[in-house]
Structures are given as C-alpha cells and as structure tokens.
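Each remark here refers to the structure printed beneath this line.
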Amino acid sequence: MQAASQNQQAERHITLPDGKALTFPTPVTGYDVAKSIGEGLAKAALAAKLNGEIIDLHRELFADGKLEIVTRKSAEALEVIRHDTAHIMAEAVQELFPGTQVTIGPSIENGFYYDFARDQPFTPEDLTKIEAKMKEIVARNEKFTREVWNRDEAIKHFEGIGEKYKAEIIRDLPTSEDISVYRQGKWYDLCRGPHLPTTGAIGTAFKLMKVAGAYWRGDSKNAMLQRIYGTAWRDQKELDAHLHMLEEAEKRDHRKIGKELDLFHMQEEATGSVFWHDNGYVIWRQLENFIRARIHKAGYQEVRTPQLFDSSLFKASGHWDMYGDNMFKVDVKADEKTLGIKPMNCPAHVQIFNQGLKSYRDLPIRMAEFGCCHRNEPSGAMHGIMRVRQFVQDDAHIFCTRDQMQAEAASYFKLQLGVYKDLGFEKISVKLALRPEKRIGGDDLWDWAENALREALNEAGLAFEELPGEGAFYGPKVEFHLTDAIGRTWQCGTLQVDPNLPERLDASYIGEDSARHRPIMLHRAILGSMERFIGILIEHHAGKFPLWLSPVQVVVATITSDGDEYAAKVKAALDAAGIRAKLDIRNEKINYKVREHSLTKIPQIWVVGKREAEEGNVAIRHFGSDGQEVLALDGAIRKIVEESAPPQSAA
C-alpha cells in the first residue's frame with residue numbers, strides 16, 4: 001500500500017542556518033545533509049526542519065529552502081520525543097492488553113497522552129506494567145518508517161482489524177491530505193509524523209502519570225475513552241527536575257494552603273464561586289488597594305457598573321453571538337426580556353464614555369473597575385480559585401486617538417512590569433496574539449491594530465513571540481506570562497487593541513476638525529482575575545506571604561501570665577500603628593505557641609514576659625529563621641511599620 005515518491009526535481013538547493021548554500025542531487029534527506037556537514041552532526045541528528053516544518057530525518061526533502069538539523073539540544077526535539085513516546089505507550093498497551101483500540105495520541109505541554117477504547121478500566125498497577133513494557137520497546141531500537149497508503153484501502157484495513165476510530169479519522173481527513181502510517185517494528189499507527197529515526201532515540205526519561213476519562217473528540221454525546229497521561233523529557237535530569245516541580249506544586253496547592261491558613265472555601269451550593277474568609281479577604285483588600293494606588297497615580301478614574309444588562313447591549317457589542325454560550329442568561333417573564341449577566345466590563349464602560357459629548361481634548365480617558373463578572377465555565381474546567389464562574393477583574397479601558405495609542409501602550413507596559421516586579425515576579429515573557437479565525441471587523445482594522453502593537457512593543461524594547469490565531473475576537477492582544485518560584489508560567493496581564501467595539505456601540509469624540517471620530521479602545525488588565533492571581537500568589541509564596549500581604553503580621557505571645565498586661569499593651573500599640581496583630585496569652589508553653597503559629601506561617605512572633613515588660617522590650621522571632629531579635633517596643637513598632645509598607649518601586 002506504500003505510494004512512490006512523486007518528486008522529480010533533479011537537485012535540491014539548501015540554505016543552512018549560518019547562511020551557507022548547498023546543492024544536492026535528489027533524492028536527498030536531512031540525514032544526508034547532516035552527514036555532509038560532519039559525522040558528529042549525523043550521529044546527533046534526530047529530525048530535520050525544512051522551511052520551518054519538522055520532518056523525519058530520513059524523509060526525502062520535498063522542497064528547496066532553509067534546513068536546520070534538529071538534535072537533542074534543539075527546542076523542537078522535545079515535541080518529537082513526546083509524540084514518539086505516545087506511540088511507544090500505545091504499542092505497549094496493545095501488547096499487554098490485546099483488543100484495546102487506539103484513537104489519538106498527541107504531545108502536549110510537558111508530556112503526552114493517548115486515548116484508548118477499552119471496557120476494563122486501567123489501574124495504577126497497569127500503568128507500572130505499561131511503563132516497563134515501554135522501556136522494553138525503546139531497548140529494541142526499532143526504526144520508525146513512514147508509508148503513504150491509499151485512502152479507501154486504509155479505511156478498509158483499519159475497519160478489518162477492529163480499529164473503528166482510526167477508520168473514522170481517515171474518513172474525515174481532507175481528500176488532499178496523504179494517509180501516512182508509521183511503523184515501529186511490527187506495530188504501526190496512522191500518523192502525520194514526524195518521528196525520530198528509532199525507538200531507541202527516545203531514551204527512558206519518561207513516566208506515566210495518571211488515567212482520566214475523555215469523550216471521543218471531546219463530545220459528551222460520544223463514547224467515553226480512557227486517557228493515559230505521561231511526561232517525557234530529553235534526559236533523566238530534566239525528568240527528575242519536572243517530577244520535583246510537580247511534588248513542589250502539590251505542596252503549594254492553593255486549595256490545600258487555603259484550608260490550612262483559613263483563607264477561603266468553596267462548596268457545591270455555589271459552584272465556581274469563592275467564599276472568602278477574613279484571612280483571605282485581608283489579602284484581597286491589600287492587593288486591591290495596592291493596584292488602586294498604582295492606577296490612581298497613573299491617571300485612571302475608577303468606576304462601578306451593573307451586573308445585569310438587556311440582551312440588546314450584548315447583541316450590539318457582538319458578545320451575544322461570539323460569547324453567548326459562555327454567558328449566564330436570565331429570562332424576566334414580567335418584562336418579556338432576556339437579560340445577560342456581564343462576562344466582561346467593556347460594553348458597560350463604553351456606556352459611561354457615551355454619557356455627554358467628548359472632545360479630543362478629553363482623551364485619553366482611562367477608566368478602571370474592579371468589576372465582578374460571570375462566565376459559564378464547564379464544571380470539568382474549574383479548578384479551585386484559579387478558574388471559577390464568578391470573578392473580579394482589575395479591568396480598565398483606555399479611550400484614545402490613534403495617535404495616542406502607542407504612548408498609552410508604553411505607559412501600560414511600564415505599569416504592568418513594575419507591578420509584577422514589586423509582587424516578586426522577575427521573569428516575564430511577552431507574547432503578541434494575532435487575529436483569530438472567528439472575529440469581527442475588517443482586515444484593514446486588524447492590520448492597523450496588529451502593526452500598532454508590534455511598533456509599541458519594539459519601541460518599548462520588549463522581546464516578544466507572535467501567536468497566530470490567538471487574539472480576542474475584537475482585536476489583537478499583548479499577553480504577559482510570568483514565571484513563579486518553581487518555574488511554572490502563568491498568563492495574567494493583557495493589553496488588547498480594539499477598533500471595533502467603539503464602532504459597534506457608537507462611541508465617538510469631536511476631533512480638532514469639529515467632526516465626529518471613533519476612539520480606539522484599549523482593554524487592559526494587570527492581574528487579570530483577582531481570584532486567580534491570589535491563587536498564583538499563594539502557590540508562588542507557598543503560603544509564606546511577604547509581610548505587607550500576610551493576613552496576620554504579628555502574634556504577641558506571652559511566656560507566662562506575668563506578661564499578660566504588657567502583651568495587651570504591645571498589641572494595642574500594634575493596632576494603633578495599623579499592624580494586623582493577634583494576642584496569645586493562653587496558658588501554654590512558649591515553644592508550643594511558637595510551633596503552632598509557625599504552622600500558620602505568621603511572619604513575626606513577638607515574645608514577651610516579665611523581663612520584657614520591665615525593660616519595655618520585645619523579643620522578635622521571624623518565620624523561617626533561627627534565633628530572635630530584641631528591640632525596644634517603640635523601635636520595633638517603627639521597624640515593622642516600615643517593613644510592612646506595600647512595595648513602591650514601580651512608576
């Protein structure tokens with residue numbers, strides 16, 4: 001069933017990454033090119049990258065152009081290794097459990113998965129057996145070989161061996177697409193590729209992680225399959241580091257720490273909404289006030305808008321059609337109206353802008369809101385306070401002219417990066433998300449908006465990666481991805497250029513020429529969702545919050561009852577200075593008190609007894625450090641007031 005190559009060109013003209021041009025008689029493969037450069041490169045080669053497309057190392061080069069040899073050190077190697085490991089897992093499953101059908105098995109971030117159709121559930125013991133069998137297959141060091149099959153014969157073949165899912169995939173492929181099958185020894189699978197030269201090239205730096213349910217093609221109307229997740233890396237060192245990170249992530253899980261520190265809880269009667277306890281709401285208020293101070297300094301006005309709107313507003317804005325499935329809707333029978341609970345604040349902010357005539361002299365207008373929004377997230381997608389149905393955005397919209405747009409973007413970039421730095425995040429990556437397939441507005445507006453953002457990023461000196469197809473439906477956006485203490489990345493802040501919503505909602509200003517013009521609308525968030533960002537902070541700090549954010553900053557603990565009166569005086573002095581303090585005068589040993597408060601990660605414990613009372617001192621124990629510091633009460637108060645001030649380094 002293998003098809004012959006149709007390439008008839010006599011020569012291949014190849015350009016290497018260093019600019020060197022080479023010519024080869026056809027047929028020529030990536031391996032041939034690597035070998036012509038040096039035996040060492042040929043030995044290290046895993047795949048080839050032709051004009052940006054990763055292909056098999058031993059596949060004939062099908063076009064002239066730029067060629068790069070992919071080795072284990074290449075960034076692209078991981079995706080191929082993970083894809084191959086998924087195939088190895090599928091072969092291992094079918095060897096161990098005959099009759100199991102294989103469906104799809106892609107590489108994903110940090111690993112891979114494969115979906116299997118099998119009546120009997122996989123057990124943890126099965127995963128151990130599968131992993132051992134995978135290592136056997138790797139040790140066989142069998143070649144990956146690509147074949148192109150006739151479409152009808154391929155469908156007939158897979159149906160004949162009981163692989164109905166594979167047959168369905170082939171039927172749905174475009175008729176212009178090759179039906180490619182990869183063999184590894186006797187086992188084979190429908191696959192576009194690419195693959196490594198042999199199973200041995202994968203290595204053994206992989207581990208199976210868990211089993212989960214997954215509907216065929218993600219549709220709940222289809223059959224439930226079993227999905228086995230795994231992780232795969234280039235070497236054992238990388239695998240060990242990833243497993244250590246997962247172990248740390250489990251320790252830092254915001255749901256676990258939230259319970260231990262009495263920050264919040266969630267329950268079924270309010271699915272996807274957070275019950276903030278006093279300790280957690282202290283963190284919320286501190287963070288909100290921190291952002292509020294920054295945006296007021298940056299010239300923002302703060303507003304408050306309704307939750308419920310007539311559907312006509314969302315239809316006019318485009319949200320009803322583009323985002324309606326994610327909205328909560330309310331039918332009001334008495335008024336014969338359908339209302340929508342706002343999923344975002346932007347249409348409401350346009351309504352404020354539209355009140356009264358605006359002149360070009362009034363712009364830019366920077367309108368901020370800690371706005372409560374609701375989105376109908378699927379129940380399976382929710383995760384603690386990281387992904388919820390009710391959330392608050394530190395949202396803002398800037399109404400400006402086209403000429404003002406880049407200066408406003410630069411100002412936002414400075415504000416955003418300064419806030420992240422002050423919150424303890426130093427490593428930030430920037431991405432530019434471009435027009436999606438489903439969008440509003442003409443291509444001329446999108447061209448202008450995308451180019452304007454590129455220029456703003458370049459002028460700000462920010463390196464960025466472009467993400468085709470990932471923009472919002474109304475405009476392109478800049479995303480800020482921060483890296484936490486254990487190396488995970490989180491997408492938080494965004495800046496979106498929107499020339500479309502002002503047009504749809506009839507927003508205008510009077511220009512210098514006395515004519516009406518549409519403002520450009522910049523959507524921006526610094527933290528994003530308050531709930532999610534607090535979850536990130538909990539995990540980033542592992543619950544050991546900096547002093548200014550800590551729900552309780554000081555516990556005043558007595559050694560004996562002789563210090564009770566003085567302890568109350570110390571507590572009163574802390575209260576008067578605006579420090580969040582608690583008093584512990586229980587009849588318990590001081591070591592017990594210190595140990596107990598350390599478990600709740602209180603930053604400072606001020607120990608007082610008869611001696612401290614007589615001398616007017618406090619003995620300060622800092623969380624996470626040995627020993628203690630003895631200071632006069634007045635000096636200790638001054639010091640903690642200074643240390644507990646929110647960071648102020650950003651502009």
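Residues in the structure tokens are numbered from 1 in each chain, the chains being A, B, ... in the order shown, and ligands are numbered from 1 in the order shown.
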
Residues near Glu437 of chain A, cut-off 10 Å, only C-alpha atoms, skip fewer than 5 positions along chain, as a PyMOL selection string | chain A and resi 468-471+473

Per DSSP on the backbone, filter segment 169-266 of chain A down to the residues in strand (DSSP E) and report them as number ranges by chain.
-> A: 179-184, 187-190, 206-215, 224-232, 264-265

Please report as CSV every residue of segment 241-339 of chain A lying within 10 Å of segment 524-528 of chain A, along with the nearest atom pair and their distance in Å (one decimal), using only C-alpha atoms.
```
residue,atom,partner,partner_atom,distance
A:Leu287,CA,A:Leu527,CA,9.7
A:Glu288,CA,A:Leu527,CA,9.9
A:Ile291,CA,A:Ile526,CA,8.4
A:Ile295,CA,A:Ile526,CA,9.9
```

List the spatial neighbours of Ser312 of chain A as a PDB file with C-alpha atoms, in the first residue's frame - criterion: any atom at most 12 Å away, only C-alpha atoms, same-chain residues fewer than 2 positions off excluded.
```pdb
ATOM      1  CA  LEU A 308     -27.388  42.681  34.549  1.00  0.00           C
ATOM      2  CA  PHE A 309     -27.933  44.123  31.076  1.00  0.00           C
ATOM      3  CA  ASP A 310     -30.603  43.758  28.463  1.00  0.00           C
ATOM      4  CA  PHE A 314     -24.512  42.335  24.202  1.00  0.00           C
ATOM      5  CA  LYS A 315     -26.014  41.777  20.756  1.00  0.00           C
ATOM      6  CA  ALA A 316     -24.816  45.215  19.686  1.00  0.00           C
ATOM      7  CA  SER A 317     -21.353  44.623  21.147  1.00  0.00           C
ATOM      8  CA  GLY A 318     -21.029  41.205  19.477  1.00  0.00           C
ATOM      9  CA  HIS A 319     -20.719  39.257  22.720  1.00  0.00           C
ATOM     10  CA  TRP A 320     -24.136  37.595  22.352  1.00  0.00           C
ATOM     11  CA  ASP A 321     -23.082  35.908  19.109  1.00  0.00           C
ATOM     12  CA  LYS A 337     -36.956  40.374  28.289  1.00  0.00           C
ATOM     13  CA  THR A 338     -33.797  38.307  28.309  1.00  0.00           C
ATOM     14  CA  LEU A 339     -31.006  39.718  30.419  1.00  0.00           C
ATOM     15  CA  GLY A 340     -27.360  38.777  30.373  1.00  0.00           C
ATOM     16  CA  PRO A 347     -19.597  47.222  26.959  1.00  0.00           C
ATOM     17  CA  ARG A 504     -20.459  48.799  17.226  1.00  0.00           C
ATOM     18  CA  LEU A 505     -21.588  50.787  20.295  1.00  0.00           C
TER      19      LEU A 505
END
```

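Of the residues listed (A:Arg294, A:His523, A:Lys237, A:Lys427), A:Lys427 shows the shortest atom-to-atom separation from Leu482 of chain A; distances use only C-alpha atoms.
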
Within 9 Å of Gly511 of chain A, counting only C-alpha atoms, which residues qualify if same-chain residues fewer than 5 places away don't, as an MDAnalysis selection string?
-> chainID A and resid 359:361 516:517

Selection near Val607 of chain A, 7 Å with only C-alpha atoms, sequence-local residues under 2 positions removed, as a PyMOL selection string = chain A and resi 556-559+605+609+618-620

Shell around segment 454-461 of chain A at 10 Å using only C-alpha atoms, local window under 6 positions removed, as JSON, numbers by chain | {"A": [405, 406, 407, 408, 409, 410, 411, 413, 414, 430, 431, 432, 448, 478]}

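Among the candidate residues A:Ala449, A:Leu522, A:Ala34, A:Val419, the one lying nearest to Arg366 of chain A is A:Leu522, with distances computed using only C-alpha atoms.
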
Of A:Phe116, A:Lys358, A:Ala472, A:Gln491, the one nearest to Tyr323 of chain A when counting only C-alpha atoms is A:Ala472

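For the residues A:Thr489, A:Asn617, A:Gln101, A:Ser429, ranking by smallest atom-to-atom distance to Ala463 of chain A using only C-alpha atoms places A:Ser429 first.
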
Residues of segment 378-576 of chain A in alpha helix (DSSP H), written as a count of residues only | 64
